[in-house]
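Asks: Quick one, start36.txt (compact mmCIF, C-alpha atoms and all ligand atoms):
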```
# COMPACT_ATOMS: atom_id res chain seq x y z
CA MET D 1445 36.20 122.80 10.80
CA ASP D 1446 32.92 121.23 11.96
CA VAL D 1447 31.41 118.94 9.38
CA ILE D 1448 27.66 119.50 9.26
CA LYS D 1449 25.53 116.77 7.67
CA HIS D 1450 23.35 118.30 4.97
CA GLU D 1451 20.27 116.40 3.78
CA ILE D 1452 20.14 116.29 -0.01
CA GLU D 1453 16.88 115.91 -1.93
CA HIS D 1454 16.26 115.13 -5.57
CA GLU D 1455 14.43 118.24 -6.83
CA ALA D 1456 11.24 118.10 -8.88
CA GLU D 1457 9.83 121.63 -9.03
CA LEU D 1458 11.44 125.01 -9.51
CA SER D 1459 10.34 127.98 -7.38
CA ARG D 1460 11.35 131.62 -7.67
CA ALA D 1461 14.06 130.92 -5.06
CA HIS D 1462 15.55 128.19 -7.29
CA TRP D 1463 15.73 130.67 -10.15
CA ASP D 1464 17.53 133.20 -7.94
CA LEU D 1465 20.18 130.55 -7.28
CA LEU D 1466 20.40 129.31 -10.88
CA LEU D 1467 20.87 132.85 -12.19
CA ASP D 1468 23.36 133.71 -9.47
CA ALA D 1469 25.68 130.99 -10.79
CA ASP D 1470 24.86 131.64 -14.45
CA PRO D 1471 23.28 135.04 -15.19
CA TRP D 1472 22.29 134.33 -18.80
CA LEU D 1473 18.75 132.89 -18.77
CA GLU D 1474 19.09 131.30 -22.24
CA ALA D 1475 22.22 129.43 -21.15
CA VAL D 1476 20.41 128.10 -18.06
CA LEU D 1477 17.33 127.06 -20.06
CA ASP D 1478 19.67 125.10 -22.34
CA TYR D 1479 20.55 122.62 -19.58
CA LEU D 1480 17.12 122.31 -17.93
CA PRO D 1481 14.04 120.34 -19.03
CA PRO D 1482 12.41 120.39 -21.50
CA THR D 1483 15.58 121.22 -23.52
CA GLN D 1484 17.63 118.76 -21.45
CA ALA D 1485 15.08 116.11 -20.50
CA GLU D 1486 17.72 114.11 -18.59
CA ALA D 1487 18.89 116.97 -16.38
CA GLU D 1488 18.67 116.31 -12.62
CA MET D 1489 18.62 118.81 -9.79
CA PHE D 1490 19.63 118.30 -6.17
CA ARG D 1491 18.70 120.55 -3.28
CA ILE D 1492 19.68 121.28 0.31
CA GLY D 1493 16.96 123.14 2.23
CA LYS D 1494 13.20 123.17 1.87
CA PRO D 1495 11.34 122.56 -1.44
CA LYS D 1496 10.22 126.19 -1.76
CA ASN D 1497 13.17 127.55 0.19
CA PRO D 1498 16.37 125.97 -1.13
CA TYR D 1499 19.68 126.87 0.54
CA ALA D 1500 21.81 125.32 -2.20
CA ILE D 1501 21.17 123.53 -5.49
CA CYS D 1502 23.09 121.86 -8.25
CA VAL D 1503 22.15 120.68 -11.74
CA ILE D 1504 23.76 117.80 -13.59
CA VAL D 1505 23.37 116.64 -17.19
CA PRO D 1506 24.67 113.43 -18.78
CA ILE D 1507 27.81 113.66 -20.93
CA ALA D 1508 29.42 110.91 -23.06
CA ASP D 1509 31.11 109.11 -20.15
CA GLY D 1510 29.40 110.54 -17.05
CA TYR D 1511 27.88 113.78 -15.82
CA GLU D 1512 28.63 117.47 -15.98
CA ILE D 1513 27.68 119.73 -13.09
CA LYS D 1514 26.17 122.60 -15.05
CA ASN D 1515 25.09 124.83 -12.19
CA ILE D 1516 25.83 125.02 -8.46
CA ALA D 1517 24.93 127.82 -6.07
CA THR D 1518 24.46 128.45 -2.36
CA ARG D 1519 22.47 131.37 -0.95
CA THR D 1520 24.85 134.13 0.08
CA ILE D 1521 24.05 133.92 3.81
CA MET D 1522 24.40 130.11 3.82
CA ARG D 1523 27.85 129.94 2.20
CA ARG D 1524 30.98 128.38 3.73
CA GLN D 1525 29.02 125.75 5.60
CA GLY D 1526 29.95 122.92 3.24
CA MET D 1527 26.72 122.86 1.22
CA ALA D 1528 28.30 123.03 -2.25
CA SER D 1529 30.86 120.45 -1.14
CA ALA D 1530 28.05 118.17 0.09
CA LEU D 1531 26.16 118.51 -3.22
CA ILE D 1532 29.29 117.77 -5.27
CA THR D 1533 30.17 114.80 -3.05
CA HIS D 1534 26.62 113.52 -3.54
CA VAL D 1535 26.97 113.79 -7.34
CA LEU D 1536 30.33 111.97 -7.24
CA GLU D 1537 28.84 109.14 -5.16
CA LEU D 1538 25.82 108.88 -7.42
CA ALA D 1539 28.02 108.81 -10.53
CA LYS D 1540 30.13 106.00 -9.05
CA MET D 1541 27.00 104.09 -8.03
CA ARG D 1542 25.60 104.42 -11.55
CA GLY D 1543 28.86 103.08 -12.96
CA VAL D 1544 29.84 106.05 -15.13
CA LYS D 1545 33.44 107.05 -15.66
CA ALA D 1546 33.70 110.75 -14.87
CA VAL D 1547 32.20 113.96 -13.52
CA GLU D 1548 33.08 117.36 -15.00
CA ILE D 1549 32.52 120.93 -13.86
CA GLY D 1550 33.37 124.22 -15.54
CA THR D 1551 34.00 127.63 -14.07
CA GLY D 1552 35.21 131.03 -15.16
CA GLU D 1553 38.92 131.75 -15.23
CA THR D 1554 40.53 135.13 -15.41
CA PRO D 1555 43.99 135.33 -17.02
CA GLY D 1556 46.58 136.34 -14.46
CA VAL D 1557 44.41 135.43 -11.49
CA MET D 1558 45.79 132.29 -9.90
CA GLY D 1559 42.98 129.93 -9.03
CA ASN D 1560 39.70 131.54 -7.99
CA ALA D 1561 37.72 130.29 -4.99
CA GLN D 1562 35.55 127.96 -7.11
CA ILE D 1563 38.57 126.29 -8.73
CA ARG D 1564 40.18 125.82 -5.29
CA LEU D 1565 36.97 124.26 -3.99
CA TYR D 1566 36.67 121.83 -6.93
CA GLU D 1567 40.36 120.88 -6.74
CA LYS D 1568 39.95 120.24 -3.02
CA LEU D 1569 37.18 117.78 -3.91
CA GLY D 1570 39.45 115.87 -6.30
CA PHE D 1571 38.83 117.53 -9.68
CA LYS D 1572 41.75 118.19 -12.00
CA ARG D 1573 42.02 120.81 -14.73
CA ASP D 1574 41.14 119.28 -18.07
CA GLY D 1575 41.25 122.15 -20.56
CA VAL D 1576 40.01 125.65 -21.24
CA LEU D 1577 37.05 126.75 -23.37
CA LYS D 1578 38.54 129.95 -24.78
CA GLY D 1579 36.08 132.86 -25.08
CA PHE D 1580 33.21 130.86 -23.51
CA PHE D 1581 31.88 133.91 -21.64
CA SER D 1582 32.50 136.30 -24.53
CA ARG D 1583 29.39 134.89 -26.25
CA TYR D 1584 27.25 135.98 -23.27
CA PRO D 1585 25.14 139.07 -24.06
CA ILE D 1586 26.19 140.67 -20.75
CA PRO D 1587 29.71 140.88 -19.28
CA ILE D 1588 30.19 138.31 -16.51
CA ILE D 1589 32.15 139.76 -13.62
CA ASP D 1590 33.48 137.49 -10.87
CA ASN D 1591 35.14 139.13 -7.90
CA GLY D 1592 35.80 142.24 -9.95
CA HIS D 1593 37.31 140.33 -12.91
CA LEU D 1594 35.78 140.11 -16.37
CA LEU D 1595 35.39 136.46 -17.30
CA ARG D 1596 36.33 135.31 -20.80
CA ASP D 1597 37.42 131.70 -20.59
CA MET D 1598 35.88 128.68 -18.90
CA VAL D 1599 38.23 126.18 -17.28
CA MET D 1600 36.92 122.61 -17.30
CA LEU D 1601 37.75 120.33 -14.39
CA ARG D 1602 37.26 116.58 -14.44
CA GLN D 1603 37.36 113.68 -12.02
CA GLU D 1604 37.57 110.07 -13.18
CA PHE D 1605 36.86 107.00 -11.10
C1 LIG S 1 30.85 128.62 -5.19
C2 LIG S 1 29.73 128.33 -4.19
C3 LIG S 1 28.68 127.45 -4.85
C4 LIG S 1 30.32 127.60 -2.96
O1 LIG S 1 29.23 127.29 -2.09
P1 LIG S 1 29.44 126.95 -0.52
O2 LIG S 1 28.21 126.26 -0.07
O3 LIG S 1 29.84 128.18 0.19
O4 LIG S 1 30.67 125.96 -0.60
P2 LIG S 1 31.35 125.17 0.61
O5 LIG S 1 30.85 125.72 1.90
O6 LIG S 1 31.21 123.72 0.34
O7 LIG S 1 32.87 125.54 0.39
C5 LIG S 1 33.25 126.91 0.21
C6 LIG S 1 34.40 127.25 1.09
O8 LIG S 1 33.94 127.24 2.40
C7 LIG S 1 34.81 126.42 3.20
N1 LIG S 1 33.97 125.79 4.19
C8 LIG S 1 33.16 124.74 4.04
N2 LIG S 1 32.53 124.46 5.22
C9 LIG S 1 32.95 125.40 6.11
C10 LIG S 1 32.66 125.67 7.47
N3 LIG S 1 31.81 124.89 8.18
N4 LIG S 1 33.24 126.73 8.04
C11 LIG S 1 34.09 127.52 7.34
N5 LIG S 1 34.42 127.30 6.04
C12 LIG S 1 33.85 126.26 5.44
C13 LIG S 1 35.38 125.42 2.22
O9 LIG S 1 36.58 124.87 2.71
C14 LIG S 1 35.58 126.29 1.03
O10 LIG S 1 36.76 127.03 1.23
P3 LIG S 1 37.68 127.50 0.04
O11 LIG S 1 36.85 128.40 -0.84
O12 LIG S 1 38.78 128.21 0.72
O13 LIG S 1 38.10 126.24 -0.68
C15 LIG S 1 29.08 129.64 -3.66
O14 LIG S 1 30.10 130.53 -3.27
C16 LIG S 1 28.17 130.34 -4.67
O15 LIG S 1 26.98 130.05 -4.74
N6 LIG S 1 28.72 131.28 -5.46
C17 LIG S 1 27.91 131.99 -6.47
C18 LIG S 1 27.53 131.09 -7.61
C19 LIG S 1 28.76 130.45 -8.25
O16 LIG S 1 29.79 131.08 -8.46
N7 LIG S 1 28.61 129.15 -8.59
C20 LIG S 1 29.66 128.38 -9.19
C21 LIG S 1 29.70 128.63 -10.63
S1 LIG S 1 31.07 127.73 -11.33
```
Would you put the structure from the file into structure tokens?

Replies:
Amino acid sequence: MDVIKHEIEHEAELSRAHWDLLLDADPWLEAVLDYLPPTQAEAEMFRIGKPKNPYAICVIVPIADGYEIKNIATRTIMRRQGMASALITHVLELAKMRGVKAVEIGTGETPGVMGNAQIRLYEKLGFKRDGVLKGFFSRYPIPIIDNGHLLRDMVMLRQEF
């Protein structure tokens, strides 16, 4: 596989295109607003692509001993080119540079479905399963369907340095 170098920028302003990406990864607006400023003043966003035309973004917030990646999404036509991997790698490097202990990321898990694509991707990047938030998606006002499966639980993955 060719490794393409993706330039990553620290994001300051949200455009409509950012919102399309944010809501693609997490379709409940209230949940997204919960981890963005002003609610989460310390949230940071990283972008690949142009300021008003992002190809991929991710959002991190501080947790007790590091950061949690709260949202990550790549535009459908830009997927499988390593952009999410590049953003996650950037967050891991930044976390190490800032001297924190860990980075976490959560994703939906469907009982009986062995490892969805997101979990495989995160495990490939060094994350390990660290618990399940039972019924996490059941509190959403709309059913969250991933690849034809109704999501109920969120699996948390964690990487320590
Ligand atoms: C999950 C998501 C963010 C991944 O984004 P991406 O930019 O396509 O991710 P990457 O390209 O880094 O990796 C994805 C896959 O492409 C493969 N890949 C990476 N670069 C590649 C390349 N140049 N050629 C072919 N495949 C490649 C990776 O190996 C990985 O394969 P795997 O799924 O078999 O492990 C994207 O699918 C998405 O936005 N989904 C909708 C929102 C979402 O679900 N967000 C996560 C919520 S937890």

Asks: With only C-alpha atoms and all ligand atoms counted and 6 Å as the cut-off, give the residues of chain D in contact with ligand LIG 1 (chain S), each with its shortest interatomic distance in Å and the pair that gives it, as CSV.

Replies:
```
residue,atom,partner,partner_atom,distance
D:Met1445,CA,S:LIG1,N3,5.5
D:Asp1446,CA,S:LIG1,N3,5.4
D:Asp1468,CA,S:LIG1,C18,5.3
D:Ala1469,CA,S:LIG1,C18,3.7
D:Ile1516,CA,S:LIG1,N7,5.0
D:Ala1517,CA,S:LIG1,O15,3.3
D:Thr1518,CA,S:LIG1,O15,3.8
D:Arg1523,CA,S:LIG1,O3,3.3
D:Arg1524,CA,S:LIG1,O5,3.2
D:Gln1525,CA,S:LIG1,N2,3.8
D:Gly1526,CA,S:LIG1,O5,3.2
D:Met1527,CA,S:LIG1,O2,3.9
D:Ala1528,CA,S:LIG1,O2,3.9
D:Ser1529,CA,S:LIG1,O6,3.6
D:Gly1550,CA,S:LIG1,S1,5.9
D:Thr1551,CA,S:LIG1,S1,4.0
D:Ala1561,CA,S:LIG1,O11,4.6
D:Gln1562,CA,S:LIG1,C1,5.1
D:Arg1564,CA,S:LIG1,O13,5.1
D:Leu1565,CA,S:LIG1,O13,4.0
```

Asks: For Glu1488 in chain D, which residue among D:Ala1546, D:Ile1501, D:Ala1530, D:Leu1601 is the nearest when counting all atoms listed in the file?

Replies: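 Distance minimum relative to Glu1488 in chain D lands on D:Ile1501.
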
Asks: To one decimal in Å, tell me the separation between CA of Ala1456 in chain D and CA of Met1489 in chain D.

Replies: 7.5 Å

Asks: Which residues, written as a PyMOL selection string, have at least one atom at most 10 Å from Lys1572 in chain D, with all atoms listed in the file counted and residues fewer than 3 positions away on the same chain left out?

Replies: chain D and resi 1548-1549+1563+1566-1569+1575+1600-1604

Asks: What is the CA of Tyr1584 in chain D-CA of Glu1553 in chain D distance in Å, reported with one decimal?

Replies: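 It comes out at 14.8 Å.
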
Asks: CA of Glu1455 in chain D to CA of Ile1507 in chain D: how many Å, to one decimal?

Replies: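 Rounded to one decimal, the two atoms are 20.0 Å apart.
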
Asks: Between D:Asn1515, D:Asn1591, D:Ser1582, D:Ser1459, which is the closest to Lys1496 in chain D once you count all atoms listed in the file?

Replies: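 Ranked by minimum distance to Lys1496 in chain D, first place goes to D:Ser1459.
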
Asks: May I ask which of the residues D:Gly1552, D:Tyr1511, D:Pro1585, D:Met1598 is the closest one to Ala1475 in chain D, counting only C-alpha atoms?

Replies: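 Of the candidates, the smallest distance to Ala1475 in chain D is held by D:Pro1585.
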
Asks: Let me make sure I understand: among D:Arg1460, D:Ile1589, D:Gly1570, D:Phe1605, which one has the smallest atom-to-atom distance to Gly1510 in chain D if we use only C-alpha atoms?

Replies: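 Checking each candidate against Gly1510 in chain D, we get D:Phe1605 as the closest.
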